[in-house]
file start02.cif (mmCIF, C-alpha atoms)
data_protein
loop_
_atom_site.label_atom_id
_atom_site.label_comp_id
_atom_site.auth_asym_id
_atom_site.auth_seq_id
_atom_site.Cartn_x
_atom_site.Cartn_y
_atom_site.Cartn_z
CA MET A 1 -39.04 -19.57 -45.71
CA LEU A 2 -36.08 -19.06 -43.40
CA ASP A 3 -36.20 -20.69 -40.03
CA PRO A 4 -35.95 -18.30 -37.07
CA VAL A 5 -32.52 -18.03 -35.56
CA THR A 6 -32.45 -19.84 -32.26
CA ARG A 7 -30.13 -18.59 -29.59
CA PRO A 8 -28.32 -21.17 -27.51
CA PRO A 9 -29.80 -21.65 -24.07
CA GLY A 10 -28.15 -19.67 -21.36
CA SER A 11 -26.69 -17.06 -23.68
CA LEU A 12 -28.27 -14.22 -21.67
CA ALA A 13 -26.90 -15.62 -18.45
CA LEU A 14 -23.49 -15.98 -20.07
CA ARG A 15 -23.50 -12.36 -21.22
CA CYS A 16 -24.58 -11.19 -17.78
CA SER A 17 -21.86 -13.19 -16.08
CA ARG A 18 -19.27 -11.78 -18.46
CA ALA A 19 -20.47 -8.25 -17.77
CA LEU A 20 -20.38 -8.80 -14.02
CA LEU A 21 -16.89 -10.30 -14.17
CA SER A 22 -15.49 -7.69 -16.54
CA PRO A 23 -12.47 -5.68 -15.32
CA TRP A 24 -14.44 -2.46 -14.91
CA SER A 25 -17.24 -4.19 -13.01
CA ARG A 26 -14.68 -5.65 -10.60
CA LEU A 27 -13.03 -2.24 -10.25
CA SER A 28 -16.43 -0.73 -9.43
CA LEU A 29 -16.92 -3.42 -6.79
CA LEU A 30 -13.53 -2.56 -5.31
CA ALA A 31 -14.47 1.12 -5.17
CA VAL A 32 -17.73 0.26 -3.38
CA LEU A 33 -15.90 -1.95 -0.87
CA LEU A 34 -13.31 0.72 -0.11
CA LEU A 35 -15.94 3.44 0.23
CA SER A 36 -17.96 1.22 2.57
CA ALA A 37 -14.87 0.48 4.66
CA ALA A 38 -13.96 4.17 4.93
CA THR A 39 -17.53 5.03 5.91
CA THR A 40 -17.50 2.33 8.59
CA VAL A 41 -14.28 3.75 10.02
CA VAL A 42 -15.76 7.25 10.17
CA LEU A 43 -18.90 6.00 11.92
CA TYR A 44 -17.38 3.61 14.46
CA GLU A 45 -14.04 5.38 15.10
CA PRO A 46 -11.84 2.42 16.08
CA GLN A 47 -9.16 4.85 17.20
CA ARG A 48 -11.25 5.33 20.36
CA LEU A 49 -9.28 2.35 21.71
CA LEU A 50 -6.62 4.86 22.66
CA ALA A 51 -9.03 6.56 25.07
CA ALA A 52 -11.48 3.79 26.05
CA GLY A 53 -9.03 0.89 26.23
CA TRP A 54 -9.50 -2.80 25.38
CA PRO A 55 -12.66 -4.58 26.60
CA PRO A 56 -11.85 -5.98 30.06
CA GLN A 57 -13.41 -9.37 29.31
CA VAL A 58 -10.80 -10.05 26.61
CA SER A 59 -7.28 -10.56 27.94
CA GLY A 60 -4.11 -12.56 27.50
CA ALA A 61 -2.91 -14.07 24.24
CA GLY A 62 -6.46 -14.10 22.87
CA ALA A 63 -6.61 -10.33 23.19
CA VAL A 64 -3.32 -9.95 21.28
CA VAL A 65 -4.57 -12.20 18.48
CA LEU A 66 -7.92 -10.41 18.33
CA PHE A 67 -6.19 -7.04 18.24
CA GLY A 68 -3.94 -8.23 15.39
CA LEU A 69 -6.99 -9.30 13.38
CA ALA A 70 -8.77 -6.01 14.08
CA TYR A 71 -5.57 -4.13 13.20
CA GLY A 72 -5.42 -5.83 9.79
CA LEU A 73 -9.04 -5.04 8.99
CA CYS A 74 -8.65 -1.44 10.15
CA THR A 75 -5.56 -0.79 8.02
CA ALA A 76 -7.37 -2.24 5.00
CA ALA A 77 -10.13 0.26 5.81
CA PHE A 78 -7.70 3.22 5.83
CA VAL A 79 -7.27 3.66 9.59
CA PRO A 80 -3.83 5.33 10.02
CA ARG A 81 -1.26 2.83 11.27
CA PRO A 82 0.46 5.23 13.72
CA ILE A 83 -2.76 5.41 15.75
CA LEU A 84 -3.05 1.63 15.86
CA ASN A 85 0.62 1.23 16.73
CA LEU A 86 0.28 3.64 19.65
CA ALA A 87 -2.80 1.72 20.79
CA ALA A 88 -0.92 -1.61 20.58
CA GLY A 89 1.82 -0.29 22.84
CA ALA A 90 -0.60 1.33 25.28
CA LEU A 91 -2.74 -1.81 25.57
CA PHE A 92 -0.22 -4.66 25.51
CA GLY A 93 3.21 -3.20 26.20
CA THR A 94 6.25 -3.25 23.95
CA GLN A 95 6.76 -6.95 23.15
CA ALA A 96 3.19 -8.19 22.74
CA GLY A 97 2.16 -4.89 21.18
CA LEU A 98 4.90 -5.13 18.56
CA VAL A 99 3.92 -8.70 17.67
CA ALA A 100 0.27 -7.72 17.29
CA ALA A 101 1.10 -4.59 15.28
CA VAL A 102 3.48 -6.29 12.83
CA ALA A 103 1.12 -9.24 12.35
CA GLY A 104 -1.77 -6.84 11.76
CA THR A 105 0.34 -4.84 9.32
CA VAL A 106 1.10 -7.92 7.22
CA LEU A 107 -2.53 -9.06 7.40
CA GLY A 108 -3.89 -5.67 6.36
CA ALA A 109 -1.37 -5.40 3.52
CA GLY A 110 -2.31 -8.89 2.33
CA ILE A 111 -6.02 -8.03 2.34
CA SER A 112 -5.46 -4.84 0.36
CA PHE A 113 -3.07 -6.53 -2.06
CA THR A 114 -5.53 -9.36 -2.70
CA LEU A 115 -8.43 -7.00 -3.29
CA GLY A 116 -6.37 -4.83 -5.62
CA ARG A 117 -4.99 -7.81 -7.55
CA LEU A 118 -8.32 -9.55 -8.02
CA LEU A 119 -10.59 -6.55 -8.55
CA GLY A 120 -8.42 -3.75 -9.86
CA GLN A 121 -5.36 -4.97 -11.74
CA ASP A 122 -7.00 -5.93 -15.05
CA ALA A 123 -8.79 -2.59 -15.34
CA LEU A 124 -5.95 -0.35 -14.18
CA ARG A 125 -2.90 -1.83 -15.92
CA PRO A 126 -3.97 -0.62 -19.40
CA LEU A 127 -4.10 2.91 -17.95
CA LEU A 128 -0.40 2.93 -16.99
CA ARG A 129 0.61 5.22 -19.82
CA GLY A 130 2.08 8.20 -18.00
CA ARG A 131 5.83 8.55 -17.65
CA TRP A 132 5.83 8.49 -13.85
CA LEU A 133 3.36 5.63 -13.66
CA LYS A 134 5.48 3.51 -15.96
CA VAL A 135 8.61 4.19 -13.93
CA VAL A 136 6.91 3.25 -10.66
CA ASP A 137 5.31 0.16 -12.19
CA GLY A 138 8.67 -0.93 -13.61
CA GLN A 139 10.38 -0.57 -10.24
CA LEU A 140 7.69 -2.54 -8.41
CA SER A 141 7.44 -5.23 -11.08
CA ARG A 142 11.18 -5.85 -11.62
CA HIS A 143 12.52 -5.11 -8.15
CA GLY A 144 9.53 -5.95 -5.99
CA PHE A 145 11.17 -6.95 -2.71
CA ARG A 146 13.80 -4.21 -2.76
CA SER A 147 11.36 -1.48 -3.75
CA MET A 148 8.72 -2.47 -1.21
CA LEU A 149 11.31 -2.83 1.55
CA ALA A 150 12.45 0.73 0.90
CA ILE A 151 8.85 1.98 0.89
CA ARG A 152 8.15 0.33 4.25
CA LEU A 153 11.40 1.43 5.88
CA PHE A 154 10.90 5.11 5.10
CA PRO A 155 7.61 6.64 6.29
CA GLY A 156 5.73 9.12 4.20
CA ILE A 157 4.09 6.94 1.55
CA PRO A 158 0.52 6.11 2.61
CA PHE A 159 0.20 2.46 3.59
CA ALA A 160 -2.95 1.77 1.57
CA ALA A 161 -1.63 3.56 -1.52
CA ALA A 162 1.52 1.43 -1.51
CA ASN A 163 -0.55 -1.74 -1.15
CA TYR A 164 -2.79 -0.99 -4.12
CA CYS A 165 0.08 0.25 -6.31
CA ALA A 166 1.90 -3.02 -5.63
CA ALA A 167 -1.26 -4.97 -6.44
CA VAL A 168 -1.60 -3.28 -9.84
CA SER A 169 2.05 -4.07 -10.64
CA ARG A 170 3.34 -7.57 -11.37
CA MET A 171 4.93 -8.05 -7.96
CA GLY A 172 4.43 -11.45 -6.36
CA TYR A 173 2.75 -12.16 -3.03
CA ALA A 174 5.81 -13.56 -1.28
CA PRO A 175 8.19 -10.61 -1.84
CA PHE A 176 5.40 -8.15 -1.07
CA LEU A 177 4.46 -9.71 2.28
CA LEU A 178 8.05 -10.45 3.32
CA ALA A 179 9.21 -6.91 2.53
CA THR A 180 6.18 -5.50 4.34
CA GLY A 181 6.86 -7.53 7.46
CA LEU A 182 10.58 -6.77 7.63
CA GLY A 183 10.42 -3.16 6.52
CA SER A 184 7.62 -2.22 8.92
CA ILE A 185 9.41 -3.38 12.08
CA PRO A 186 11.60 -0.31 12.88
CA ASN A 187 8.96 2.38 12.52
CA THR A 188 6.25 0.21 14.07
CA ALA A 189 8.48 -0.53 17.05
CA ALA A 190 9.10 3.18 17.59
CA TYR A 191 5.38 3.92 17.77
CA VAL A 192 4.66 0.89 19.96
CA VAL A 193 7.37 1.92 22.43
CA ALA A 194 6.02 5.46 22.43
CA GLY A 195 2.54 4.13 23.16
CA SER A 196 3.74 1.89 25.97
CA GLN A 197 5.64 4.79 27.56
CA ALA A 198 3.01 7.45 26.95
CA GLY A 199 2.42 7.73 30.70
CA SER A 200 6.08 8.73 31.17
CA PRO A 201 6.80 11.30 28.44
CA THR A 202 10.16 12.18 29.97
CA SER A 203 11.46 8.62 30.08
CA PRO A 204 14.49 7.74 27.90
CA ALA A 205 12.51 5.08 26.00
CA PHE A 206 9.79 7.56 25.05
CA LEU A 207 12.26 10.27 24.03
CA ILE A 208 14.36 7.85 21.96
CA SER A 209 11.31 6.47 20.17
CA MET A 210 9.98 9.94 19.38
CA GLY A 211 13.42 11.02 18.19
CA PHE A 212 13.56 8.02 15.88
CA ILE A 213 10.15 8.87 14.45
CA VAL A 214 11.16 12.46 13.76
CA VAL A 215 14.56 11.58 12.27
CA SER A 216 13.16 8.81 10.07
CA GLY A 217 10.51 11.21 8.78
CA LEU A 218 13.14 13.80 7.88
CA VAL A 219 15.34 11.20 6.18
CA ALA A 220 12.34 9.91 4.23
CA ALA A 221 11.56 13.45 3.05
CA VAL A 222 15.14 13.95 1.83
CA VAL A 223 15.24 10.58 0.07
CA ALA A 224 11.85 11.23 -1.57
CA TRP A 225 13.04 14.63 -2.79
CA ARG A 226 16.23 13.19 -4.28
CA LYS A 227 14.35 10.25 -5.81
CA ARG A 228 11.79 12.60 -7.32
CA HIS A 229 14.47 14.60 -9.10
CA GLY A 230 16.19 11.41 -10.25
CA LEU A 231 12.97 10.07 -11.72
CA ARG A 232 12.34 13.43 -13.40
CA ARG A 233 15.74 13.32 -15.10
CA THR A 234 15.17 9.72 -16.14
CA GLY A 235 11.75 10.54 -17.52
CA ASP A 236 13.02 13.60 -19.39
CA ALA A 237 15.76 11.53 -21.00
CA ALA A 238 13.31 8.84 -21.95
CA SER A 239 10.97 11.40 -23.53
CA VAL A 240 13.67 12.56 -26.00
CA PRO A 241 13.39 10.68 -29.33
CA ALA A 242 16.15 8.18 -30.07
CA PRO A 243 17.60 10.10 -33.09
CA GLU A 244 17.98 13.25 -31.02
CA ARG A 245 19.67 11.33 -28.22
CA ALA A 246 22.06 9.83 -30.76
CA LEU A 247 22.91 13.26 -32.20
CA ALA A 248 23.45 14.67 -28.73
CA GLY A 249 25.79 11.80 -27.91
CA ALA A 250 27.73 12.30 -31.13
CA GLY A 251 28.07 16.03 -30.45
CA ALA A 252 29.35 15.36 -26.98
CA ALA A 253 31.90 12.88 -28.37
CA GLU A 254 33.24 15.46 -30.85
CA HIS A 255 33.91 17.97 -28.07
CA ARG A 256 35.91 15.53 -25.97
#
call {"tool": "encode", "arguments": {"input": "start02.cif", "output": "structure tokens"}}
result
Amino acid sequence: MLDPVTRPPGSLALRCSRALLSPWSRLSLLAVLLLSAATTVVLYEPQRLLAAGWPPQVSGAGAVVLFGLAYGLCTAAFVPRPILNLAAGALFGTQAGLVAAVAGTVLGAGISFTLGRLLGQDALRPLLRGRWLKVVDGQLSRHGFRSMLAIRLFPGIPFAAANYCAAVSRMGYAPFLLATGLGSIPNTAAYVVAGSQAGSPTSPAFLISMGFIVVSGLVAAVVAWRKRHGLRRTGDAASVPAPERALAGAGAAEHR
């Protein structure tokens, strides 16, 4: 008579832990966290700081630090950065507002990057099969600092989307955070100055800052359009089989 097969103790717990720590379970957790954060933003409306102002009992350097921490959490929860930058300038002036806004930008980017790297990368990287996705992933993985610096310098790409795309790539923490901090300064400064001078809309500082915002947006649109067509040509060339590319090159050589 055969003895019954005995399962090792803890095998059920081991299977459950593996299921909970699987890439898709972690991705589901990330989706729940992001949905909860977005819902919290909709309910509590942190952008009301622009109208209500900072609590009067919090002032000085502590208020700047607290605002920077709140800024980071809000950006990770999809609050638009321009609103927070305007609030930083309106509440603390140009210098302290810029420090708080840049620090909050780096903090929020780091939070999003960490969440995406820990909870989403393993599940999403096998899905990078499209032509455009591979091109973007290659740029971020091989030229992380340069690519992220360009993304931060030119507005137009959503902040949260750039953070999570970088997290799915193989970019390192150091180049990501350094490029985010440096590349965010010009545009952030423009919004902070505009917020600090909002009471004087005809002042030179306000007009210059608004002009910079408009011009940088137009330049970003032109660069994005040119880059889009360049990537399309690169992708079309990559989609042609190697034998056909070789024949095309030989034909071109004969006509020279």
call {"tool": "atom_distance", "arguments": {"input": "start02.cif", "atom1": "CA of Val223 (chain A)", "atom2": "CA of Pro186 (chain A)"}}
result
17.2 Å
call {"tool": "resolve_selection", "arguments": {"input": "start02.cif", "expression": "the PyMOL selection byres ((chain A and resi 100-103) around 9)", "output": "ChimeraX atom specification"}}
result
/A:64-69,71-72,81,84-85,88-89,92,95-99,104-108,180-182,184-185,188-189,192
call {"tool": "write_last_selection", "arguments": {"input": "start02.cif", "atoms": "C-alpha atoms", "output": "PDB file, keeping the file's coordinate frame"}}
result
ATOM      1  CA  VAL A  64      -3.320  -9.950  21.280  1.00  0.00           C
ATOM      2  CA  VAL A  65      -4.570 -12.200  18.480  1.00  0.00           C
ATOM      3  CA  LEU A  66      -7.920 -10.410  18.330  1.00  0.00           C
ATOM      4  CA  PHE A  67      -6.190  -7.040  18.240  1.00  0.00           C
ATOM      5  CA  GLY A  68      -3.940  -8.230  15.390  1.00  0.00           C
ATOM      6  CA  LEU A  69      -6.990  -9.300  13.380  1.00  0.00           C
ATOM      7  CA  TYR A  71      -5.570  -4.130  13.200  1.00  0.00           C
ATOM      8  CA  GLY A  72      -5.420  -5.830   9.790  1.00  0.00           C
ATOM      9  CA  ARG A  81      -1.260   2.830  11.270  1.00  0.00           C
ATOM     10  CA  LEU A  84      -3.050   1.630  15.860  1.00  0.00           C
ATOM     11  CA  ASN A  85       0.620   1.230  16.730  1.00  0.00           C
ATOM     12  CA  ALA A  88      -0.920  -1.610  20.580  1.00  0.00           C
ATOM     13  CA  GLY A  89       1.820  -0.290  22.840  1.00  0.00           C
ATOM     14  CA  PHE A  92      -0.220  -4.660  25.510  1.00  0.00           C
ATOM     15  CA  GLN A  95       6.760  -6.950  23.150  1.00  0.00           C
ATOM     16  CA  ALA A  96       3.190  -8.190  22.740  1.00  0.00           C
ATOM     17  CA  GLY A  97       2.160  -4.890  21.180  1.00  0.00           C
ATOM     18  CA  LEU A  98       4.900  -5.130  18.560  1.00  0.00           C
ATOM     19  CA  VAL A  99       3.920  -8.700  17.670  1.00  0.00           C
ATOM     20  CA  GLY A 104      -1.770  -6.840  11.760  1.00  0.00           C
ATOM     21  CA  THR A 105       0.340  -4.840   9.320  1.00  0.00           C
ATOM     22  CA  VAL A 106       1.100  -7.920   7.220  1.00  0.00           C
ATOM     23  CA  LEU A 107      -2.530  -9.060   7.400  1.00  0.00           C
ATOM     24  CA  GLY A 108      -3.890  -5.670   6.360  1.00  0.00           C
ATOM     25  CA  THR A 180       6.180  -5.500   4.340  1.00  0.00           C
ATOM     26  CA  GLY A 181       6.860  -7.530   7.460  1.00  0.00           C
ATOM     27  CA  LEU A 182      10.580  -6.770   7.630  1.00  0.00           C
ATOM     28  CA  SER A 184       7.620  -2.220   8.920  1.00  0.00           C
ATOM     29  CA  ILE A 185       9.410  -3.380  12.080  1.00  0.00           C
ATOM     30  CA  THR A 188       6.250   0.210  14.070  1.00  0.00           C
ATOM     31  CA  ALA A 189       8.480  -0.530  17.050  1.00  0.00           C
ATOM     32  CA  VAL A 192       4.660   0.890  19.960  1.00  0.00           C
TER      33      VAL A 192
END
call {"tool": "resolve_selection", "arguments": {"input": "start02.cif", "expression": "the PyMOL selection byres ((chain A and resi 77) around 8)", "output": "PDB file with C-alpha atoms, in the frame of the given file"}}
result
ATOM      1  CA  LEU A  34     -13.310   0.720  -0.110  1.00  0.00           C
ATOM      2  CA  ALA A  37     -14.870   0.480   4.660  1.00  0.00           C
ATOM      3  CA  ALA A  38     -13.960   4.170   4.930  1.00  0.00           C
ATOM      4  CA  VAL A  41     -14.280   3.750  10.020  1.00  0.00           C
ATOM      5  CA  LEU A  73      -9.040  -5.040   8.990  1.00  0.00           C
ATOM      6  CA  CYS A  74      -8.650  -1.440  10.150  1.00  0.00           C
ATOM      7  CA  THR A  75      -5.560  -0.790   8.020  1.00  0.00           C
ATOM      8  CA  ALA A  76      -7.370  -2.240   5.000  1.00  0.00           C
ATOM      9  CA  PHE A  78      -7.700   3.220   5.830  1.00  0.00           C
ATOM     10  CA  VAL A  79      -7.270   3.660   9.590  1.00  0.00           C
TER      11      VAL A  79
END
call {"tool": "residues_around", "arguments": {"input": "start02.cif", "residues": "region 156-172 of chain A", "least_positions_apart": "5", "cutoff": "8 Å", "atoms": "only C-alpha atoms", "output": "ChimeraX atom specification"}}
result
/A:75-76,78,81,109,112-114,116-117,120-122,124-125,137-138,140-142,144,151,217,220-221
call {"tool": "write_last_selection", "arguments": {"input": "start02.cif", "atoms": "C-alpha atoms", "output": "mmCIF file, in the frame of the given file"}}
result
data_model
loop_
_atom_site.group_PDB
_atom_site.id
_atom_site.type_symbol
_atom_site.label_atom_id
_atom_site.label_comp_id
_atom_site.auth_asym_id
_atom_site.auth_seq_id
_atom_site.Cartn_x
_atom_site.Cartn_y
_atom_site.Cartn_z
ATOM 1 C CA THR A 75 -5.560 -0.790 8.020
ATOM 2 C CA ALA A 76 -7.370 -2.240 5.000
ATOM 3 C CA PHE A 78 -7.700 3.220 5.830
ATOM 4 C CA ARG A 81 -1.260 2.830 11.270
ATOM 5 C CA ALA A 109 -1.370 -5.400 3.520
ATOM 6 C CA SER A 112 -5.460 -4.840 0.360
ATOM 7 C CA PHE A 113 -3.070 -6.530 -2.060
ATOM 8 C CA THR A 114 -5.530 -9.360 -2.700
ATOM 9 C CA GLY A 116 -6.370 -4.830 -5.620
ATOM 10 C CA ARG A 117 -4.990 -7.810 -7.550
ATOM 11 C CA GLY A 120 -8.420 -3.750 -9.860
ATOM 12 C CA GLN A 121 -5.360 -4.970 -11.740
ATOM 13 C CA ASP A 122 -7.000 -5.930 -15.050
ATOM 14 C CA LEU A 124 -5.950 -0.350 -14.180
ATOM 15 C CA ARG A 125 -2.900 -1.830 -15.920
ATOM 16 C CA ASP A 137 5.310 0.160 -12.190
ATOM 17 C CA GLY A 138 8.670 -0.930 -13.610
ATOM 18 C CA LEU A 140 7.690 -2.540 -8.410
ATOM 19 C CA SER A 141 7.440 -5.230 -11.080
ATOM 20 C CA ARG A 142 11.180 -5.850 -11.620
ATOM 21 C CA GLY A 144 9.530 -5.950 -5.990
ATOM 22 C CA ILE A 151 8.850 1.980 0.890
ATOM 23 C CA GLY A 217 10.510 11.210 8.780
ATOM 24 C CA ALA A 220 12.340 9.910 4.230
ATOM 25 C CA ALA A 221 11.560 13.450 3.050
#
call {"tool": "resolve_selection", "arguments": {"input": "start02.cif", "expression": "the PyMOL selection byres ((chain A and resi 200-214) around 10)", "output": "count of residues only"}}
result
21
call {"tool": "closest_residue", "arguments": {"input": "start02.cif", "among": "A:Val222, A:Ala174, A:Ile83, A:Leu91", "to": "Ala63 (chain A)", "atoms": "all atoms listed in the file"}}
result
A:Leu91
call {"tool": "closest_residue", "arguments": {"input": "start02.cif", "among": "A:Leu153, A:Ala87, A:Val135, A:Met148", "to": "Pro175 (chain A)", "atoms": "only C-alpha atoms"}}
result
A:Met148
call {"tool": "atom_distance", "arguments": {"input": "start02.cif", "atom1": "CA of Leu33 (chain A)", "atom2": "CA of Ala70 (chain A)"}}
result
17.1 Å
call {"tool": "closest_residue", "arguments": {"input": "start02.cif", "among": "A:Thr40, A:Pro82, A:Leu119, A:Glu45", "to": "Ser25 (chain A)", "atoms": "all atoms listed in the file"}}
result
A:Leu119
call {"tool": "closest_residue", "arguments": {"input": "start02.cif", "among": "A:Phe154, A:Trp225, A:Tyr44, A:Phe145", "to": "Leu177 (chain A)", "atoms": "only C-alpha atoms"}}
result
A:Phe145
call {"tool": "atom_distance", "arguments": {"input": "start02.cif", "atom1": "CA of Ala150 (chain A)", "atom2": "CA of Leu178 (chain A)"}}
result
12.3 Å
